[in-house]
>>> print(open('protein.cif').read())   # mmCIF, C-alpha atoms and all ligand atoms
data_upload
#
loop_
_atom_site.label_atom_id
_atom_site.label_comp_id
_atom_site.auth_asym_id
_atom_site.auth_seq_id
_atom_site.Cartn_x
_atom_site.Cartn_y
_atom_site.Cartn_z
CA MET A 222 -145.80 -87.14 85.55
CA ILE A 223 -143.39 -87.93 82.69
CA ARG A 224 -145.84 -90.49 81.30
CA ASN A 225 -149.07 -88.74 82.19
CA LEU A 226 -151.06 -88.00 79.02
CA THR A 227 -152.22 -84.67 80.42
CA GLY A 228 -148.79 -83.08 80.41
CA GLY A 229 -145.25 -84.10 81.20
CA VAL A 230 -142.08 -83.63 79.20
CA LEU A 231 -143.83 -83.58 75.82
CA TYR A 232 -145.90 -80.60 76.90
CA HIS A 233 -142.80 -78.68 78.04
CA TYR A 234 -141.14 -79.48 74.72
CA LEU A 235 -144.15 -78.17 72.77
CA ALA A 236 -144.26 -75.07 74.96
CA LEU A 237 -140.57 -74.33 74.37
CA LYS A 238 -141.07 -74.70 70.66
CA HIS A 239 -144.37 -72.94 70.11
CA ARG A 240 -145.24 -70.65 73.02
CA ASN A 241 -143.89 -67.49 71.40
CA HIS A 242 -145.31 -67.94 67.94
CA LEU A 243 -147.82 -70.66 67.10
CA TRP A 244 -149.53 -70.31 70.51
CA ASN A 245 -149.83 -66.51 70.37
CA PRO A 246 -153.41 -66.28 69.03
CA PHE A 247 -154.58 -68.76 71.69
CA LYS A 248 -152.69 -66.93 74.44
CA SER A 249 -154.20 -63.60 73.34
CA SER A 250 -157.75 -64.99 73.40
CA LEU A 251 -157.14 -66.52 76.83
CA SER A 252 -155.63 -63.31 78.22
CA ARG A 253 -158.54 -61.24 76.95
CA PHE A 254 -160.98 -63.60 78.63
CA ILE A 255 -159.17 -63.88 81.98
CA ASN A 256 -158.12 -60.23 82.25
CA GLY A 257 -161.65 -59.15 81.33
CA LEU A 258 -163.30 -60.95 84.24
CA SER A 259 -164.68 -58.89 87.07
CA THR A 260 -163.57 -60.83 90.11
CA ASP A 261 -162.44 -59.34 93.41
CA SER A 262 -160.68 -62.51 94.54
CA ASN A 263 -156.97 -62.17 95.08
CA LYS A 264 -156.39 -65.70 96.34
CA LEU A 265 -156.23 -68.46 93.77
CA VAL A 266 -156.22 -72.24 93.72
CA LEU A 267 -154.36 -73.04 90.51
CA ILE A 268 -154.84 -76.56 89.17
CA GLY A 269 -152.61 -77.95 86.39
CA PRO A 270 -150.58 -74.82 85.60
CA SER A 271 -147.57 -76.66 84.13
CA GLY A 272 -144.85 -74.05 83.55
CA GLY A 273 -147.44 -71.26 83.36
CA TYR A 274 -146.76 -70.82 79.65
CA CYS A 275 -150.22 -69.53 78.78
CA LEU A 276 -151.48 -67.70 81.86
CA PRO A 277 -151.59 -63.90 81.60
CA GLN A 278 -148.86 -62.29 83.69
CA LYS A 279 -151.16 -59.39 84.60
CA PHE A 280 -153.63 -61.78 86.25
CA ILE A 281 -150.91 -63.74 88.09
CA THR A 282 -149.14 -60.71 89.53
CA LYS A 283 -152.26 -59.09 90.99
CA LEU A 284 -152.90 -62.15 93.21
CA ASN A 285 -151.85 -62.10 96.86
CA LYS A 286 -151.60 -65.85 97.22
CA ILE A 287 -151.56 -68.87 94.91
CA GLU A 288 -152.10 -72.47 96.04
CA ALA A 289 -150.79 -74.59 93.17
CA PHE A 290 -151.49 -78.24 92.38
CA ASP A 291 -149.55 -79.99 89.63
CA PRO A 292 -147.89 -83.38 90.11
CA ASP A 293 -145.21 -82.55 87.52
CA LEU A 294 -142.02 -81.48 89.35
CA LEU A 295 -140.74 -79.64 86.29
CA ALA A 296 -143.93 -77.56 86.35
CA LYS A 297 -143.02 -76.09 89.72
CA ILE A 298 -139.43 -75.25 88.70
CA ILE A 299 -140.40 -73.67 85.37
CA PHE A 300 -143.47 -71.84 86.69
CA ASN A 301 -141.46 -70.32 89.57
CA SER A 302 -138.71 -69.15 87.24
CA ARG A 303 -141.17 -67.59 84.79
CA HIS A 304 -143.50 -65.90 87.27
CA SER A 305 -141.43 -64.87 90.27
CA PRO A 306 -141.69 -63.08 92.57
CA ILE A 307 -145.13 -64.28 93.61
CA ASN A 308 -146.55 -65.75 96.79
CA ILE A 309 -147.09 -69.35 95.73
CA LYS A 310 -147.40 -72.58 97.68
CA TRP A 311 -147.03 -75.89 95.83
CA HIS A 312 -148.98 -78.88 97.08
CA SER A 313 -147.85 -82.46 96.68
CA ARG A 314 -151.30 -83.97 97.33
CA ASP A 315 -153.47 -84.55 94.28
CA CYS A 316 -156.62 -82.42 94.51
CA LEU A 317 -158.55 -84.12 91.71
CA VAL A 318 -158.26 -87.87 91.73
CA ASN A 319 -156.31 -90.40 93.74
CA ASP A 320 -156.17 -94.05 92.76
CA GLN A 321 -159.35 -93.78 90.65
CA SER A 322 -161.37 -92.15 93.41
CA SER A 323 -162.37 -88.60 94.02
CA ASN A 324 -159.92 -86.61 96.04
CA PHE A 325 -161.23 -83.12 95.52
CA GLN A 326 -162.82 -82.64 98.95
CA ILE A 327 -159.47 -81.17 100.00
CA LEU A 328 -160.42 -78.13 97.93
CA ASN A 329 -163.11 -77.28 100.48
CA GLN A 330 -160.45 -75.82 102.80
CA PHE A 331 -160.13 -72.91 100.32
CA LYS A 332 -163.82 -71.99 100.39
CA PRO A 333 -165.00 -69.22 100.19
CA SER A 334 -161.80 -67.15 100.14
CA HIS A 335 -160.24 -68.52 96.93
CA ILE A 336 -161.16 -68.56 93.28
CA ILE A 337 -160.25 -71.82 91.48
CA LEU A 338 -158.56 -71.89 88.07
CA LEU A 339 -158.66 -75.20 86.24
CA SER A 340 -155.86 -74.49 83.88
CA ASN A 341 -156.38 -76.73 80.86
CA ILE A 342 -156.74 -79.92 82.84
CA TYR A 343 -160.51 -80.60 82.85
CA GLY A 344 -160.53 -81.63 79.15
CA GLN A 345 -157.95 -84.33 79.80
CA MET A 346 -159.47 -85.87 82.92
CA ARG A 347 -160.77 -88.93 81.04
CA CYS A 348 -157.10 -90.03 80.61
CA LEU A 349 -156.74 -90.36 84.36
CA PHE A 350 -159.45 -93.02 84.69
CA LYS A 351 -159.42 -96.70 83.74
CA SER A 352 -163.04 -96.63 82.57
CA GLU A 353 -165.64 -94.19 81.31
CA ARG A 354 -167.92 -95.28 84.14
CA LEU A 355 -165.39 -94.20 86.80
CA TYR A 356 -164.75 -90.96 84.93
CA ASN A 357 -168.47 -90.15 84.64
CA SER A 358 -169.07 -90.74 88.29
CA TRP A 359 -166.04 -88.58 89.23
CA LYS A 360 -167.36 -85.85 86.93
CA VAL A 361 -170.83 -85.68 88.48
CA ASN A 362 -169.36 -85.30 91.96
CA PHE A 363 -166.65 -82.87 90.91
CA LEU A 364 -169.09 -80.58 89.07
CA ASN A 365 -171.28 -80.60 92.13
CA LEU A 366 -168.37 -79.46 94.29
CA ILE A 367 -167.10 -76.83 91.89
CA LYS A 368 -170.54 -75.20 91.71
CA GLY A 369 -169.95 -74.07 95.29
CA PHE A 370 -166.87 -72.05 94.24
CA GLU A 371 -166.07 -69.05 92.15
CA PHE A 372 -164.05 -70.62 89.35
CA ILE A 373 -162.47 -70.25 85.93
CA SER A 374 -161.73 -73.16 83.64
CA TYR A 375 -160.32 -73.36 80.18
CA HIS A 376 -160.38 -76.83 78.72
CA ASP A 377 -160.55 -78.88 75.52
CA ILE A 378 -163.96 -79.78 74.23
CA TYR A 379 -162.82 -81.20 70.88
CA SER A 380 -159.54 -81.62 69.06
CA PHE A 381 -158.81 -82.41 65.44
CA LYS A 382 -156.02 -82.71 62.93
CA SER A 383 -156.14 -80.68 59.79
CA THR A 384 -154.19 -81.53 56.67
CA PHE A 385 -154.47 -77.94 55.50
CA LYS A 386 -153.65 -74.57 57.03
CA LEU A 387 -156.75 -73.05 58.58
CA ASN A 388 -157.54 -69.47 57.71
CA SER A 389 -156.18 -67.03 60.31
CA THR A 390 -159.58 -65.30 60.50
CA LEU A 391 -160.50 -68.23 62.77
CA ASN A 392 -158.09 -66.85 65.38
CA LYS A 393 -160.78 -65.04 67.31
CA THR A 394 -163.12 -65.54 70.23
CA TYR A 395 -166.60 -66.94 69.64
CA ASN A 396 -169.59 -66.68 71.93
CA SER A 397 -170.85 -70.11 71.02
CA PHE A 398 -169.35 -73.38 69.89
CA ASP A 399 -171.82 -73.54 66.98
CA LEU A 400 -170.53 -70.24 65.54
CA LEU A 401 -166.96 -71.51 65.70
CA LYS A 402 -167.99 -74.81 64.13
CA ASN A 403 -169.82 -73.00 61.29
CA ASP A 404 -166.67 -71.04 60.48
CA LEU A 405 -164.55 -74.17 60.65
CA VAL A 406 -166.82 -75.89 58.14
CA LEU A 407 -166.75 -72.80 55.93
CA TYR A 408 -162.97 -72.48 55.91
CA SER A 409 -162.19 -76.16 55.63
CA LYS A 410 -164.26 -76.13 52.41
CA THR A 411 -164.78 -79.70 51.22
CA GLN A 412 -162.32 -81.33 53.62
CA LYS A 413 -164.03 -83.31 56.33
CA ILE A 414 -162.93 -82.67 59.92
CA GLU A 415 -162.79 -85.64 62.30
CA PHE A 416 -163.38 -84.34 65.81
CA VAL A 417 -162.01 -86.10 68.90
CA ASP A 418 -164.54 -85.61 71.67
CA HIS A 419 -163.03 -84.72 75.06
CA LEU A 420 -166.39 -85.50 76.72
CA THR A 421 -166.78 -82.06 78.27
CA HIS A 422 -168.99 -80.09 75.90
CA ASP A 423 -172.18 -79.95 77.97
CA ASP A 424 -170.59 -79.98 81.40
CA PHE A 425 -170.69 -76.24 82.01
CA ASP A 426 -174.27 -75.65 80.83
CA PHE A 427 -174.97 -73.98 84.20
CA VAL A 428 -172.37 -71.27 83.41
CA LYS A 429 -173.46 -68.16 81.54
CA LYS A 430 -170.08 -66.59 80.84
CA LYS A 431 -168.20 -68.69 78.33
CA VAL A 432 -166.28 -68.27 75.11
CA TYR A 433 -164.69 -70.55 72.53
CA PHE A 434 -161.46 -70.30 70.59
CA LEU A 435 -158.96 -72.42 68.72
CA TRP A 436 -155.52 -73.46 69.88
CA GLU A 437 -153.06 -74.81 67.35
CA LEU A 438 -151.07 -76.91 69.82
CA HIS A 439 -148.60 -78.04 67.21
CA PRO A 440 -148.72 -77.59 63.46
CA ASN A 441 -152.04 -78.79 62.03
CA ASN A 442 -153.18 -80.11 65.44
CA TYR A 443 -155.99 -78.00 66.83
CA HIS A 444 -157.90 -77.93 70.08
CA ILE A 445 -161.26 -76.24 70.51
CA ILE A 446 -161.08 -74.54 73.88
CA GLU A 447 -164.03 -73.55 76.02
CA ALA A 448 -163.24 -70.90 78.65
CA VAL A 449 -165.78 -70.45 81.44
CA TYR A 450 -166.20 -68.22 84.47
CA TYR A 451 -168.67 -68.90 87.30
CA ASN A 452 -169.03 -66.57 90.24
CA GLY A 453 -170.25 -69.10 92.78
CA ARG A 454 -173.87 -69.45 93.66
CA ARG A 455 -174.50 -65.72 93.40
CA PRO A 456 -176.81 -64.71 90.52
CA GLN A 457 -174.78 -64.17 87.29
C1 LIG B 1 -152.08 -79.53 79.23
S1 LIG B 1 -151.16 -79.20 80.66
C2 LIG B 1 -151.76 -77.56 80.99
C3 LIG B 1 -150.75 -76.60 80.93
C4 LIG B 1 -150.96 -75.16 81.34
N1 LIG B 1 -152.08 -74.96 82.22
C5 LIG B 1 -151.08 -74.29 80.15
O1 LIG B 1 -152.17 -73.83 79.86
O2 LIG B 1 -150.06 -74.11 79.51
C6 LIG B 1 -151.99 -80.08 81.93
C7 LIG B 1 -151.26 -79.98 83.27
O3 LIG B 1 -152.07 -80.65 84.24
C8 LIG B 1 -151.21 -81.34 85.11
N2 LIG B 1 -151.95 -82.40 85.82
C9 LIG B 1 -152.14 -83.68 85.47
N3 LIG B 1 -152.86 -84.33 86.39
C10 LIG B 1 -153.12 -83.43 87.37
C11 LIG B 1 -153.80 -83.49 88.62
N4 LIG B 1 -154.37 -84.61 89.04
N5 LIG B 1 -153.88 -82.37 89.37
C12 LIG B 1 -153.31 -81.22 88.96
N6 LIG B 1 -152.63 -81.10 87.79
C13 LIG B 1 -152.54 -82.19 87.01
C14 LIG B 1 -150.10 -81.87 84.21
O4 LIG B 1 -148.94 -82.18 84.94
C15 LIG B 1 -149.91 -80.67 83.27
O5 LIG B 1 -148.94 -79.79 83.76
#
>>> encode(input="protein.cif", output="structure tokens")
Amino acid sequence: MIRNLTGGVLYHYLALKHRNHLWNPFKSSLSRFINGLSTDSNKLVLIGPSGGYCLPQKFITKLNKIEAFDPDLLAKIIFNSRHSPINIKWHSRDCLVNDQSSNFQILNQFKPSHIILLSNIYGQMRCLFKSERLYNSWKVNFLNLIKGFEFISYHDIYSFKSTFKLNSTLNKTYNSFDLLKNDLVLYSKTQKIEFVDHLTHDDFDFVKKKVYFLWELHPNNYHIIEAVYYNGRRPQ
């Protein structure tokens, strides 16, 4: 996983450097969202947790069982040292994609007892595919599967670099991407923002509960995060 664009050593380095300061507004917004959810599930399938730098401790400790999937060996060591004691099982099989094909059917073994948390991995899935065609076809099938689960995801929808310091009033939670974008345009004044599209922005249209916030991943490098919660096929 050292060379995987979705994480690896660079991510651990950034976490060590920024998790207790620069990442605080993002972590607060995420905690408010996750801790505010009304879910009864106490069994979790956790996908892409890395060292668990951003997940709210309160949420983690109230779970009876965690099934964790992250191919990064360092993730397991760091996560366990930060969040013990918890009942966690680490899986070596990839539950998302294997050799460019879908591999997520293995998640079905956790239905309906577990809630799934896609922990900042969905917005980087394009990196795992050789072509946009393969990625798009994976996505259609994956979204179809995930609709059968109760799930939470927080993921990138856009990222951008800013040559100026953004106003800290932007460190809040928005109910729509358009409201966040309006504020961004307002506070960036005349400077044009070039957005990198993570190809996820319409994917969770079927979900009612979602919020948007900014994450300054490293200085002047921002990610627009969408956090969503879906309670399975029950009416929301
Ligand atoms: C950006 S990091 C997310 C970190 C963490 N969830 C957080 O919020 O701090 C993405 C994580 O996804 C993991 N990852 C990459 N491919 C994966 C896969 N196929 N299945 C599960 N996790 C994967 C990476 O190893 C990395 O730890």
>>> atom_distance(input="protein.cif", atom1="CA of Lys248 (chain A)", atom2="atom C15 of ligand LIG 1 (chain B)")
16.6 Å
>>> closest_residue(input="protein.cif", among="A:Glu415, A:Glu437, A:Glu371, A:Asp377", to="ligand LIG 1 (chain B)", atoms="only C-alpha atoms and all ligand atoms")
A:Asp377
>>> residues_around(input="protein.cif", residues="Ser334 (chain A)", least_positions_apart="6", cutoff="10 Å", atoms="all atoms listed in the file", output="mmCIF file with C-alpha atoms, in the coordinates of the input")
data_model
loop_
_atom_site.group_PDB
_atom_site.id
_atom_site.type_symbol
_atom_site.label_atom_id
_atom_site.label_comp_id
_atom_site.auth_asym_id
_atom_site.auth_seq_id
_atom_site.Cartn_x
_atom_site.Cartn_y
_atom_site.Cartn_z
ATOM 1 C CA SER A 262 -160.680 -62.510 94.540
ATOM 2 C CA ASN A 263 -156.970 -62.170 95.080
ATOM 3 C CA LYS A 264 -156.390 -65.700 96.340
ATOM 4 C CA LEU A 265 -156.230 -68.460 93.770
ATOM 5 C CA VAL A 266 -156.220 -72.240 93.720
ATOM 6 C CA PHE A 370 -166.870 -72.050 94.240
ATOM 7 C CA GLU A 371 -166.070 -69.050 92.150
#
>>> closest_residue(input="protein.cif", among="A:Phe331, A:Arg347, A:Tyr379, A:Lys386", to="Lys286 (chain A)", atoms="all atoms listed in the file")
A:Phe331
>>> closest_residue(input="protein.cif", among="A:His233, A:Arg253, A:Asn341, A:Trp244", to="Ile298 (chain A)", atoms="all atoms listed in the file")
A:His233
>>> residues_near_ligand(input="protein.cif", ligand="ligand LIG 1 (chain B)", cutoff="7 Å", atoms="only C-alpha atoms and all ligand atoms", output="ChimeraX atom specification")
/A:222,225,227-229,232,268-276,290-293,296,315-318,340-342
>>> residues_around(input="protein.cif", residues="Leu435 (chain A)", least_positions_apart="4", cutoff="6 Å", atoms="only C-alpha atoms", output="list in words")
His444, Ile445 and Ile446 of chain A
>>> residues_around(input="protein.cif", residues="Gln278 (chain A)", least_positions_apart="4", cutoff="12 Å", atoms="only C-alpha atoms", output="list in words")
Lys248, Ser249, Leu251, Ser252, Arg253, Ile255, Asn256, Gly273, Tyr274, Thr282, Lys283, Leu284, Phe300, Arg303, His304, Ser305, Pro306 and Ile307 of chain A
>>> decode(input="protein.cif", residues="region 288-306 of chain A", atoms="N, CA and C atoms", output="short mmCIF file (atom, residue, chain, number, x, y, z; two decimals), in the first residue's frame")
data_model
loop_
_atom_site.label_atom_id
_atom_site.label_comp_id
_atom_site.auth_asym_id
_atom_site.auth_seq_id
_atom_site.Cartn_x
_atom_site.Cartn_y
_atom_site.Cartn_z
N GLU A 288 -15.32 -5.04 11.84
CA GLU A 288 -14.65 -5.82 10.80
C GLU A 288 -13.94 -4.80 9.92
N ALA A 289 -12.60 -4.81 9.94
CA ALA A 289 -11.86 -3.74 9.27
C ALA A 289 -11.16 -4.23 8.01
N PHE A 290 -11.25 -3.39 6.96
CA PHE A 290 -10.60 -3.70 5.69
C PHE A 290 -9.70 -2.53 5.31
N ASP A 291 -8.42 -2.74 5.32
CA ASP A 291 -7.48 -1.75 4.80
C ASP A 291 -6.21 -2.50 4.45
N PRO A 292 -5.77 -2.43 3.19
CA PRO A 292 -4.61 -3.22 2.78
C PRO A 292 -3.28 -2.69 3.33
N ASP A 293 -3.30 -1.54 3.96
CA ASP A 293 -2.08 -0.93 4.49
C ASP A 293 -1.75 -1.54 5.86
N LEU A 294 -0.62 -2.24 5.96
CA LEU A 294 -0.28 -2.92 7.22
C LEU A 294 -0.06 -1.92 8.36
N LEU A 295 0.48 -0.77 8.01
CA LEU A 295 0.70 0.26 9.04
C LEU A 295 -0.63 0.72 9.64
N ALA A 296 -1.67 0.70 8.80
CA ALA A 296 -3.00 1.15 9.25
C ALA A 296 -3.43 0.33 10.46
N LYS A 297 -3.27 -0.99 10.32
CA LYS A 297 -3.70 -1.90 11.40
C LYS A 297 -2.92 -1.60 12.70
N ILE A 298 -1.60 -1.47 12.59
CA ILE A 298 -0.77 -1.25 13.78
C ILE A 298 -1.14 0.08 14.46
N ILE A 299 -1.26 1.13 13.64
CA ILE A 299 -1.53 2.45 14.22
C ILE A 299 -2.95 2.53 14.77
N PHE A 300 -3.91 2.01 13.98
CA PHE A 300 -5.31 2.05 14.44
C PHE A 300 -5.45 1.33 15.77
N ASN A 301 -4.86 0.11 15.88
CA ASN A 301 -4.98 -0.67 17.11
C ASN A 301 -4.35 0.07 18.29
N SER A 302 -3.25 0.75 18.05
CA SER A 302 -2.60 1.43 19.18
C SER A 302 -3.40 2.68 19.59
N ARG A 303 -4.09 3.29 18.64
CA ARG A 303 -4.85 4.51 18.99
C ARG A 303 -6.22 4.21 19.60
N HIS A 304 -6.80 3.08 19.21
CA HIS A 304 -8.20 2.85 19.60
C HIS A 304 -8.43 1.63 20.48
N SER A 305 -7.38 1.08 21.07
CA SER A 305 -7.63 -0.11 21.89
C SER A 305 -8.13 0.33 23.28
N PRO A 306 -8.85 -0.54 24.02
CA PRO A 306 -9.22 -1.88 23.59
C PRO A 306 -10.56 -1.86 22.87
#
